[in-house]
Structures are given as structure tokens and as C-alpha cells.
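One structure below.
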Amino acid sequence: MEVKLAKTAGFCFGVKRAVETVYEQAAQPEQLPIYTFGPIIHNEEVTADLEKKGVRIIHSEEELRKLEKGTLIIRSHGVGEHIYKMAEEQNLHLVDATCPFVKKIHKIVKEASDKGDYIIIIGSKEHPEVQGICGWCHGEYCVISTEEEIRALSIPKEKKVTVVSQTTFNLVKFKYLVAVLEKICYNLYIVNTICNATSERQVEAKQIATEVDSMIVIGGKTSSNTQKLYEICKEECKNTYYIQTAKDLETVQLEGDVIGITAGASTPKNIIEEVQANVRFKF
Ligand code: F3S
């Protein structure tokens with residue numbers, strides 16, 4: 001029996017860095033209490049483990065306003081500029097684990113809007129990363145994700161427009177929307193800020209799924225990127241299974257001699273290793 005584990009399974013660089021930062025801070029008693037602005041990753045096992053170590057999640061600015069001491073950790077998605085100011089005013093120790101690729105977008109929109117550019121963010125309005133990027137725009141800006149939204153824009157033709165993207169936005173859709181924008185704006189500066197960690201994981205998962213008899217996709221129930229990985233693999237390999245932990249292997253009927261494994265962006269390494277080790281007992 002052969003097990004093919006995807007090299008890109010699990011945490012991307014930015015999430016890995018953010019999770020490690022929280023564990024490092026939690027290991028220093030003088031930093032407690034520790035708060036993360038939103039869950040550091042969408043994985044209940046990890047957040048429950050961190051809670052045992054004294055890490056609490058805050059979900060809103062109202063909650064942040066009530067904090068009087070401790071450490072505030074910014075997760076990989078990043079936050080708007082005003083959150084840094086709030087943390088400073090409240091004398092909180094701020095630890096910034098914003099992914100450097102997201103930080104770069106903050107810098108682009110801040111500098112461009114300081115010069116008077118109109119900012120267009122291609123992405124989903126509800127996504128925390130996009131909300132954070134909006135919080136670095138010092139002038140006019142908008143968030144769009146459809147052609148109709150572009151057609152509804154009324155930006156003066158002579159205005160310089162800087163365009164960035166949510167890091168996880170679909171590249172094909174981004175290129176299409178930029179082509180639409182080029183027809184209505186004459187002074188465009190486009191920066192493709194899509195991170196390829198997600199697409200690399202999807203390309204590798206698809207490739208492995210074509211080479212195996214059964215495929216296992218590991219990730220949280222509500223993780224949309226894991227769901228997407230599952231759909232991609234299922235198209236290539238009908239024996240594809242979506243599991244959360246090694247325990248779920250009991251419910252899975254693996255077929256064939258070659259088994260593939262991949263995992264969503266918020267699946268910790270220990271869960272992936274446990275599945276990898278336990279798959280062998282199924283035979
Ligand atoms: Fe991950 Fe940072 Fe890319 S958080 S998906 S490496 S932008």
C-alpha cells in the first residue's frame with residue numbers, strides 16, 4: 001500500500017506563522033491575558049487548546065474597548081489601522097501576526113490613497129481580510145466582486161485608480177473584472193495581490209487525486225477552502241472522503257492500494273500526521 005501526502009496540505013505560510021506566534025506568546029506568563037482579534041484559525045481543536053493556555057478570542061471593537069491589560073494578537077487576515085490605535089490607547093501589548101502578503105496590500109492602499117487615488121478592492125465585502133484592507137484606505141474606495149458592481153461605479157475619468165485584490169480571490173475572475181475595469185477607467189494602476197498558496201494546494205490535490213484509488217481530504221466542517229478541495233478531488237477520484245480527524249477514518253471505506261491525502265488551510269500538522277499513520281491500519 002502506498003500513501004501520497006500532498007506537500008501543500010494544511011497551513012499556508014501566513015497561518016502557520018500566526019499560530020506559532022500565539023503559542024510563543026502563550027508560553028510567556030507575563031504576556032497573559034492574551035486575546036486574538038477573531039479566531040486565529042477556523043479549527044476548534046486548536047482554539048480549544050489555546051483557550052486552555054489562557055488565550056481568549058474577542059469578536060468586536062466593543063469587546064476590545066473593554067480590555068484594560070494584556071496582549072492583543074492580530075491574526076493573519078490583518079485589521080484596519082484604527083485597531084492599532086485603539087490597542088495603543090488602551091495600553092495593550094500588540095503583537096502583529098498579519099500575513100506579510102496582506103501587510104503589503106495595506107501599504108499599497110495607504111500610500112495610494114494618501115496620494116489621492118481612488119482604491120478598488122476586488123474581493124468579498126464580508127471577508128475580514130477585505131474589511132481590514134478597507135481600514136487602510138485614507139480616501140475614497142470601494143469593494144467589488146461582480147461586473148454589475150463595476151458598471152455601477154461613477155469614478156471621474158481623470159481620477160487615478162489603484163486596484164488590489166483579496167489574497168484568496170479567484171485569479172480567472174480577477175483578470176476578467178480587471179478587463180471590465182479597463183474599459184471604464186483610463187488611469188488604472190493594477191496590482192495583482194492574489195496569493196498562490198490556495199491555488200497551489202488545489203492544483204496539487206487535483207494531481208494526486210488523478211493518481212490514487214482513494215483520496216482523503218481533511219478539514220473543519222465549515223471550512224470553505226476544504227469543501228472546495230473536496231469538490232476538486234471528487235471530480236478526479238470518486239472514492240474521495242471528507243474527514244475532520246483520524247477518528248473519522250472508522251466511517252470511511254477506502255478502496256485500492258494507493259491512497260492520497262490532502263488537507264485544508266486550517267488543518268494542523270498533527271491531525272494530518274495522525275491520519276497518515278492511521279490509514280495504514282485500515283488495511
Ligand atoms: Fe496564507 Fe498569507 Fe497567502 S495567510 S493564503 S500565505 S496571503
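Identifiers in this document derive from the order of the C-alpha cells: chains are assigned A, B, ..., residues are numbered from 1 separately in each chain, and ligands are numbered from 1 in order of occurrence.
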
According to DSSP computed on the backbone, where in segment 26-274 of chain A is there helix (DSSP H, G or I)? Give the residues as a PDB file with C-alpha atoms, in the first residue's frame.
ATOM      1  CA  ALA A  26       1.118  31.954  25.453  1.00  0.00           C
ATOM      2  CA  PRO A  29       3.212  34.090  31.547  1.00  0.00           C
ATOM      3  CA  GLU A  30       3.985  37.833  31.676  1.00  0.00           C
ATOM      4  CA  GLN A  31       2.061  38.317  28.398  1.00  0.00           C
ATOM      5  CA  GLU A  44     -11.907  24.085  17.040  1.00  0.00           C
ATOM      6  CA  GLU A  45      -9.187  21.770  18.343  1.00  0.00           C
ATOM      7  CA  VAL A  46      -6.546  24.458  18.044  1.00  0.00           C
ATOM      8  CA  THR A  47      -8.677  27.245  19.521  1.00  0.00           C
ATOM      9  CA  ALA A  48      -9.754  24.979  22.422  1.00  0.00           C
ATOM     10  CA  ASP A  49      -6.112  24.073  23.080  1.00  0.00           C
ATOM     11  CA  LEU A  50      -5.148  27.745  23.063  1.00  0.00           C
ATOM     12  CA  GLU A  51      -8.003  28.589  25.414  1.00  0.00           C
ATOM     13  CA  LYS A  52      -6.527  26.144  27.941  1.00  0.00           C
ATOM     14  CA  GLU A  61     -14.419  46.503  18.714  1.00  0.00           C
ATOM     15  CA  GLU A  62     -16.858  46.777  21.637  1.00  0.00           C
ATOM     16  CA  GLU A  63     -15.126  43.837  23.315  1.00  0.00           C
ATOM     17  CA  LEU A  64     -11.731  45.338  22.501  1.00  0.00           C
ATOM     18  CA  ARG A  65     -12.749  48.657  24.097  1.00  0.00           C
ATOM     19  CA  GLU A  81      -5.424  50.922  11.046  1.00  0.00           C
ATOM     20  CA  HIS A  82      -7.814  52.142  13.769  1.00  0.00           C
ATOM     21  CA  ILE A  83      -7.464  48.826  15.681  1.00  0.00           C
ATOM     22  CA  TYR A  84      -3.732  49.529  16.147  1.00  0.00           C
ATOM     23  CA  LYS A  85      -4.640  52.963  17.511  1.00  0.00           C
ATOM     24  CA  MET A  86      -7.228  51.512  19.884  1.00  0.00           C
ATOM     25  CA  ALA A  87      -4.721  48.957  21.224  1.00  0.00           C
ATOM     26  CA  GLU A  88      -2.184  51.728  21.789  1.00  0.00           C
ATOM     27  CA  GLU A  89      -4.676  53.993  23.554  1.00  0.00           C
ATOM     28  CA  PRO A 100       3.237  39.819   5.209  1.00  0.00           C
ATOM     29  CA  PHE A 101       1.359  39.430   1.901  1.00  0.00           C
ATOM     30  CA  VAL A 102      -1.674  41.132   3.464  1.00  0.00           C
ATOM     31  CA  LYS A 103       0.546  43.766   5.099  1.00  0.00           C
ATOM     32  CA  LYS A 104       1.845  44.596   1.627  1.00  0.00           C
ATOM     33  CA  ILE A 105      -1.725  45.348   0.469  1.00  0.00           C
ATOM     34  CA  HIS A 106      -2.252  47.646   3.480  1.00  0.00           C
ATOM     35  CA  LYS A 107       0.862  49.580   2.459  1.00  0.00           C
ATOM     36  CA  ILE A 108      -0.210  49.852  -1.194  1.00  0.00           C
ATOM     37  CA  VAL A 109      -3.701  51.192  -0.431  1.00  0.00           C
ATOM     38  CA  LYS A 110      -2.482  53.532   2.302  1.00  0.00           C
ATOM     39  CA  GLU A 111       0.212  55.117   0.124  1.00  0.00           C
ATOM     40  CA  ALA A 112      -2.006  55.299  -2.959  1.00  0.00           C
ATOM     41  CA  SER A 113      -4.931  56.838  -1.107  1.00  0.00           C
ATOM     42  CA  ASP A 114      -2.617  59.327   0.626  1.00  0.00           C
ATOM     43  CA  PRO A 128     -12.323  40.028   7.427  1.00  0.00           C
ATOM     44  CA  GLU A 129      -9.196  40.446   5.302  1.00  0.00           C
ATOM     45  CA  VAL A 130     -11.071  42.821   2.981  1.00  0.00           C
ATOM     46  CA  GLN A 131     -12.557  44.727   5.926  1.00  0.00           C
ATOM     47  CA  GLY A 132      -9.011  45.134   7.253  1.00  0.00           C
ATOM     48  CA  ILE A 133      -7.773  46.442   3.868  1.00  0.00           C
ATOM     49  CA  CYS A 134     -10.662  48.973   3.771  1.00  0.00           C
ATOM     50  CA  GLU A 147     -19.212  43.030 -13.283  1.00  0.00           C
ATOM     51  CA  GLU A 148     -22.511  44.725 -12.332  1.00  0.00           C
ATOM     52  CA  GLU A 149     -20.824  46.418  -9.378  1.00  0.00           C
ATOM     53  CA  ILE A 150     -18.134  47.777 -11.710  1.00  0.00           C
ATOM     54  CA  ARG A 151     -20.728  49.092 -14.160  1.00  0.00           C
ATOM     55  CA  LEU A 171      -7.366  34.561 -10.458  1.00  0.00           C
ATOM     56  CA  VAL A 172      -9.530  33.949 -13.540  1.00  0.00           C
ATOM     57  CA  LYS A 173     -12.320  36.114 -12.111  1.00  0.00           C
ATOM     58  CA  PHE A 174      -9.811  38.801 -11.106  1.00  0.00           C
ATOM     59  CA  LYS A 175      -8.456  39.005 -14.677  1.00  0.00           C
ATOM     60  CA  TYR A 176     -11.982  39.205 -16.067  1.00  0.00           C
ATOM     61  CA  LEU A 177     -13.007  42.020 -13.708  1.00  0.00           C
ATOM     62  CA  VAL A 178      -9.800  43.941 -14.462  1.00  0.00           C
ATOM     63  CA  ALA A 179     -10.596  43.696 -18.198  1.00  0.00           C
ATOM     64  CA  VAL A 180     -14.045  45.188 -17.498  1.00  0.00           C
ATOM     65  CA  LEU A 181     -12.481  47.963 -15.401  1.00  0.00           C
ATOM     66  CA  GLU A 182     -10.034  48.808 -18.186  1.00  0.00           C
ATOM     67  CA  LYS A 183     -12.996  49.729 -20.386  1.00  0.00           C
ATOM     68  CA  ILE A 184     -14.398  52.297 -17.969  1.00  0.00           C
ATOM     69  CA  ALA A 197      -0.875  29.282  -1.623  1.00  0.00           C
ATOM     70  CA  THR A 198      -4.547  28.358  -2.191  1.00  0.00           C
ATOM     71  CA  SER A 199      -4.244  27.645  -5.900  1.00  0.00           C
ATOM     72  CA  GLU A 200      -1.034  25.628  -5.401  1.00  0.00           C
ATOM     73  CA  ARG A 201      -2.824  23.470  -2.828  1.00  0.00           C
ATOM     74  CA  GLN A 202      -5.741  22.934  -5.230  1.00  0.00           C
ATOM     75  CA  VAL A 203      -3.509  22.092  -8.216  1.00  0.00           C
ATOM     76  CA  GLU A 204      -1.525  19.553  -6.180  1.00  0.00           C
ATOM     77  CA  ALA A 205      -4.699  17.972  -4.706  1.00  0.00           C
ATOM     78  CA  LYS A 206      -6.173  17.574  -8.198  1.00  0.00           C
ATOM     79  CA  GLN A 207      -2.972  15.968  -9.478  1.00  0.00           C
ATOM     80  CA  ILE A 208      -2.778  13.497  -6.577  1.00  0.00           C
ATOM     81  CA  ALA A 209      -6.483  12.637  -6.942  1.00  0.00           C
ATOM     82  CA  THR A 210      -5.822  11.516 -10.530  1.00  0.00           C
ATOM     83  CA  GLU A 211      -3.079   9.130  -9.349  1.00  0.00           C
ATOM     84  CA  SER A 224     -14.905  26.621   2.672  1.00  0.00           C
ATOM     85  CA  ASN A 225     -11.425  26.006   1.277  1.00  0.00           C
ATOM     86  CA  THR A 226     -11.581  22.348   2.446  1.00  0.00           C
ATOM     87  CA  GLN A 227     -15.006  21.978   0.829  1.00  0.00           C
ATOM     88  CA  LYS A 228     -13.525  23.304  -2.418  1.00  0.00           C
ATOM     89  CA  LEU A 229     -10.595  20.854  -2.170  1.00  0.00           C
ATOM     90  CA  TYR A 230     -13.077  18.020  -1.662  1.00  0.00           C
ATOM     91  CA  GLU A 231     -15.043  19.009  -4.781  1.00  0.00           C
ATOM     92  CA  ILE A 232     -11.873  19.223  -6.889  1.00  0.00           C
ATOM     93  CA  CYS A 233     -10.674  15.792  -5.714  1.00  0.00           C
ATOM     94  CA  LYS A 234     -14.104  14.189  -6.090  1.00  0.00           C
ATOM     95  CA  GLU A 235     -14.145  15.148  -9.770  1.00  0.00           C
ATOM     96  CA  GLU A 236     -10.940  13.182 -10.319  1.00  0.00           C
ATOM     97  CA  ALA A 246      -8.242  10.437  12.305  1.00  0.00           C
ATOM     98  CA  LYS A 247     -11.254   9.159  14.295  1.00  0.00           C
ATOM     99  CA  ASP A 248     -13.482   9.644  11.235  1.00  0.00           C
ATOM    100  CA  LEU A 249     -11.424   7.040   9.354  1.00  0.00           C
ATOM    101  CA  GLU A 250     -13.653   4.442  11.086  1.00  0.00           C
ATOM    102  CA  THR A 251     -16.558   5.574   8.922  1.00  0.00           C
ATOM    103  CA  LYS A 269       0.067  19.156  11.063  1.00  0.00           C
ATOM    104  CA  ASN A 270      -0.554  16.723  13.967  1.00  0.00           C
ATOM    105  CA  ILE A 271      -4.027  15.866  12.614  1.00  0.00           C
ATOM    106  CA  ILE A 272      -2.607  15.254   9.130  1.00  0.00           C
ATOM    107  CA  GLU A 273       0.154  13.025  10.569  1.00  0.00           C
ATOM    108  CA  GLU A 274      -2.327  11.085  12.665  1.00  0.00           C
TER     109      GLU A 274
END

Give me the chain A side of the contact with ligand 1, cut-off 8 Å, one line per residue showing its nearest atom pair and distance in Å at one decimal, counting only C-alpha atoms and all ligand atoms, sorted by chain and residue number, as a tab-separated table.
residue	atom	partner	partner_atom_place_in_ligand_line	distance
A:Phe11	CA	ligand 1	1 (Fe)	7.5
A:Cys12	CA	ligand 1	1 (Fe)	4.6
A:Phe13	CA	ligand 1	6 (S)	4.6
A:Gly14	CA	ligand 1	4 (S)	3.7
A:Val15	CA	ligand 1	4 (S)	5.0
A:Ser76	CA	ligand 1	4 (S)	5.2
A:His77	CA	ligand 1	4 (S)	6.4
A:Thr98	CA	ligand 1	4 (S)	7.8
A:Cys99	CA	ligand 1	2 (Fe)	4.7
A:Pro100	CA	ligand 1	2 (Fe)	6.7
A:Phe101	CA	ligand 1	7 (S)	4.9
A:Val102	CA	ligand 1	7 (S)	5.7
A:Thr167	CA	ligand 1	7 (S)	5.2
A:Thr168	CA	ligand 1	5 (S)	6.2
A:Ile194	CA	ligand 1	7 (S)	7.4
A:Cys195	CA	ligand 1	3 (Fe)	4.6
A:Asn196	CA	ligand 1	3 (Fe)	6.6
A:Ala197	CA	ligand 1	5 (S)	5.1
A:Thr198	CA	ligand 1	5 (S)	5.8
A:Ala265	CA	ligand 1	5 (S)	7.8

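Using only C-alpha atoms for every distance, the candidate list A:Val19, A:Val55, A:Val95, A:Ile155 yields A:Val19 as the residue closest to His42 of chain A.
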
Exercise for the section: With a distance cut-off of 7 Å and only C-alpha atoms, select the neighbouring residues of Val217 of chain A, excluding the residue or stretch itself and same-chain residues fewer than 2 positions from it, and output the selection as a PyMOL selection string. Expected result: chain A and resi 215+219+230+241-243+261-263

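Our summary of the geometry notes that atom CA of Ser124 of chain A is positioned 24.3 Å from atom CA of Tyr186 of chain A.
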